[in-house]
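Quick look at structure_37.cif (mmCIF, C-alpha atoms):
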```
data_model
loop_
_atom_site.group_PDB
_atom_site.id
_atom_site.type_symbol
_atom_site.label_atom_id
_atom_site.label_comp_id
_atom_site.auth_asym_id
_atom_site.auth_seq_id
_atom_site.Cartn_x
_atom_site.Cartn_y
_atom_site.Cartn_z
ATOM 1 C CA MET A 1 -14.266 -37.216 21.021
ATOM 2 C CA VAL A 2 -10.965 -35.664 19.968
ATOM 3 C CA ARG A 3 -11.064 -32.090 18.712
ATOM 4 C CA ALA A 4 -8.297 -30.642 16.519
ATOM 5 C CA ILE A 5 -7.370 -26.988 16.410
ATOM 6 C CA LYS A 6 -5.479 -25.572 13.437
ATOM 7 C CA GLY A 7 -2.481 -23.546 14.543
ATOM 8 C CA THR A 8 0.678 -21.785 13.416
ATOM 9 C CA LEU A 9 4.106 -22.431 14.913
ATOM 10 C CA VAL A 10 5.607 -19.144 16.108
ATOM 11 C CA GLU A 11 9.281 -18.732 16.979
ATOM 12 C CA CYS A 12 10.215 -15.607 18.944
ATOM 13 C CA ASP A 13 12.497 -14.219 21.622
ATOM 14 C CA PRO A 14 11.560 -15.063 25.217
ATOM 15 C CA SER A 15 10.675 -11.400 25.856
ATOM 16 C CA ILE A 16 8.163 -11.357 22.967
ATOM 17 C CA LYS A 17 6.821 -14.743 24.053
ATOM 18 C CA SER A 18 6.189 -13.309 27.504
ATOM 19 C CA ILE A 19 4.152 -10.458 25.994
ATOM 20 C CA ILE A 20 2.144 -12.906 23.855
ATOM 21 C CA ILE A 21 1.373 -15.059 26.905
ATOM 22 C CA ASN A 22 0.332 -11.938 28.812
ATOM 23 C CA ILE A 23 -2.012 -10.887 25.970
ATOM 24 C CA ASP A 24 -3.466 -14.407 25.841
ATOM 25 C CA SER A 25 -4.016 -14.535 29.606
ATOM 26 C CA GLU A 26 -6.774 -11.907 29.312
ATOM 27 C CA ASN A 27 -9.208 -14.138 27.351
ATOM 28 C CA ASN A 28 -7.300 -17.328 26.424
ATOM 29 C CA GLU A 29 -8.211 -16.850 22.769
ATOM 30 C CA TYR A 30 -4.828 -17.036 20.990
ATOM 31 C CA LEU A 31 -2.544 -19.703 22.433
ATOM 32 C CA VAL A 32 -2.929 -23.393 21.617
ATOM 33 C CA GLU A 33 0.308 -24.655 23.186
ATOM 34 C CA ASP A 34 3.405 -23.247 24.879
ATOM 35 C CA LEU A 35 6.163 -25.540 23.585
ATOM 36 C CA ASP A 36 9.444 -24.198 24.994
ATOM 37 C CA GLU A 37 11.285 -20.940 25.726
ATOM 38 C CA SER A 38 11.010 -19.671 22.139
ATOM 39 C CA HIS A 39 8.150 -21.568 20.459
ATOM 40 C CA LEU A 40 4.359 -21.274 20.663
ATOM 41 C CA ILE A 41 1.450 -22.608 18.653
ATOM 42 C CA ILE A 42 -1.093 -19.865 17.943
ATOM 43 C CA LYS A 43 -4.632 -20.420 16.632
ATOM 44 C CA ASP A 44 -4.652 -19.771 12.872
ATOM 45 C CA ASN A 45 -7.904 -17.814 12.784
ATOM 46 C CA VAL A 46 -6.708 -15.162 15.284
ATOM 47 C CA LEU A 47 -3.058 -14.791 14.245
ATOM 48 C CA ALA A 48 -3.564 -11.417 12.498
ATOM 49 C CA LYS A 49 -5.474 -10.075 15.516
ATOM 50 C CA LEU A 50 -2.655 -11.184 17.837
ATOM 51 C CA LYS A 51 -0.046 -9.501 15.608
ATOM 52 C CA ALA A 52 -1.999 -6.232 15.816
ATOM 53 C CA LYS A 53 -2.265 -6.451 19.615
ATOM 54 C CA LEU A 54 1.442 -7.251 19.873
ATOM 55 C CA GLU A 55 2.351 -4.258 17.688
ATOM 56 C CA GLU A 56 0.161 -2.059 19.882
ATOM 57 C CA ARG A 57 1.752 -3.376 23.074
ATOM 58 C CA LEU A 58 5.267 -2.895 21.682
ATOM 59 C CA LYS A 59 4.471 0.703 20.693
ATOM 60 C CA GLU A 60 3.405 1.337 24.295
ATOM 61 C CA THR A 61 6.559 -0.125 25.825
ATOM 62 C CA VAL A 62 9.340 0.552 23.303
ATOM 63 C CA PRO A 63 10.184 4.202 22.639
ATOM 64 C CA VAL A 64 10.498 5.298 19.024
ATOM 65 C CA VAL A 65 13.853 6.927 18.298
ATOM 66 C CA GLU A 66 13.911 9.551 15.577
ATOM 67 C CA ASN A 67 17.022 11.476 14.521
ATOM 68 C CA ASP A 68 19.407 9.486 16.703
ATOM 69 C CA SER A 69 22.647 11.468 16.439
ATOM 70 C CA ASP A 70 24.513 8.810 18.432
ATOM 71 C CA SER A 71 23.699 5.998 16.028
ATOM 72 C CA ASP A 72 26.316 3.596 14.718
ATOM 73 C CA ARG A 73 25.859 4.973 11.212
ATOM 74 C CA ASP A 74 27.788 8.083 12.231
ATOM 75 C CA VAL A 75 30.866 6.050 13.182
ATOM 76 C CA ARG A 76 33.535 5.630 10.505
#
```

Taking this structure as input, can you express it in the form of structure tokens?
Amino acid sequence: MVRAIKGTLVECDPSIKSIIINIDSENNEYLVEDLDESHLIIKDNVLAKLKAKLEERLKETVPVVENDSDSDRDVR
């Protein structure tokens, strides 16, 4: 018997896709299909949970810059 899974098409940069695949590799609960270098199908019912985990992972790896005096906004 064929079983259908409802999913959402996600387009992202390859670096973000790599993080999503890494998160999914822990329990295989998010990813339905890896389509190409920038597209994934994610299970609909866990999309919000995946977004939260991705935000958490990005906070761990990407430093937050406050008061950047060398920003482009200072250039005239």

Could you spell out the hits of the PyMOL selection byres ((chain A and resi 44) around 10) on the shown file, as a JSON list (two decimals) with C-alpha atoms, keeping the file's coordinate frame?
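Generated output (part-v9.json):
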```
[["chain", "number", "residue", "atom", "x", "y", "z"],
["A", 5, "ILE", "CA", -7.37, -26.99, 16.41],
["A", 6, "LYS", "CA", -5.48, -25.57, 13.44],
["A", 7, "GLY", "CA", -2.48, -23.55, 14.54],
["A", 8, "THR", "CA", 0.68, -21.78, 13.42],
["A", 9, "LEU", "CA", 4.11, -22.43, 14.91],
["A", 30, "TYR", "CA", -4.83, -17.04, 20.99],
["A", 31, "LEU", "CA", -2.54, -19.70, 22.43],
["A", 32, "VAL", "CA", -2.93, -23.39, 21.62],
["A", 41, "ILE", "CA", 1.45, -22.61, 18.65],
["A", 42, "ILE", "CA", -1.09, -19.86, 17.94],
["A", 43, "LYS", "CA", -4.63, -20.42, 16.63],
["A", 45, "ASN", "CA", -7.90, -17.81, 12.78],
["A", 46, "VAL", "CA", -6.71, -15.16, 15.28],
["A", 47, "LEU", "CA", -3.06, -14.79, 14.24],
["A", 48, "ALA", "CA", -3.56, -11.42, 12.50]]
```

Open item on the list: When you count all atoms listed in the file, which of these residues is closest to Leu40 of chain A: A:Ser15, A:Met1, A:Thr61, A:Ile21?
Closed with: A:Ile21

Open item on the list: Considering only C-alpha atoms, can you say which of A:His39, A:Lys59, A:Asp13, A:Leu50 comes closest to Asn27 of chain A?
Closed with: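 Closest to Asn27 of chain A of all the choices is A:Leu50.
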
- [ ] Could you jot down the atom CA of Cys12 of chain A to atom CA of Ser38 of chain A separation for me, Å, one decimal place?
- [x] 5.2 Å

TODO: Have a look at atom CA of Val62 of chain A and atom CA of Ile19 of chain A and let me know their distance in Å, one decimal.
DONE: 12.5 Å

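Note that atom CA of Glu37 of chain A and atom CA of Pro14 of chain A are 5.9 Å apart.
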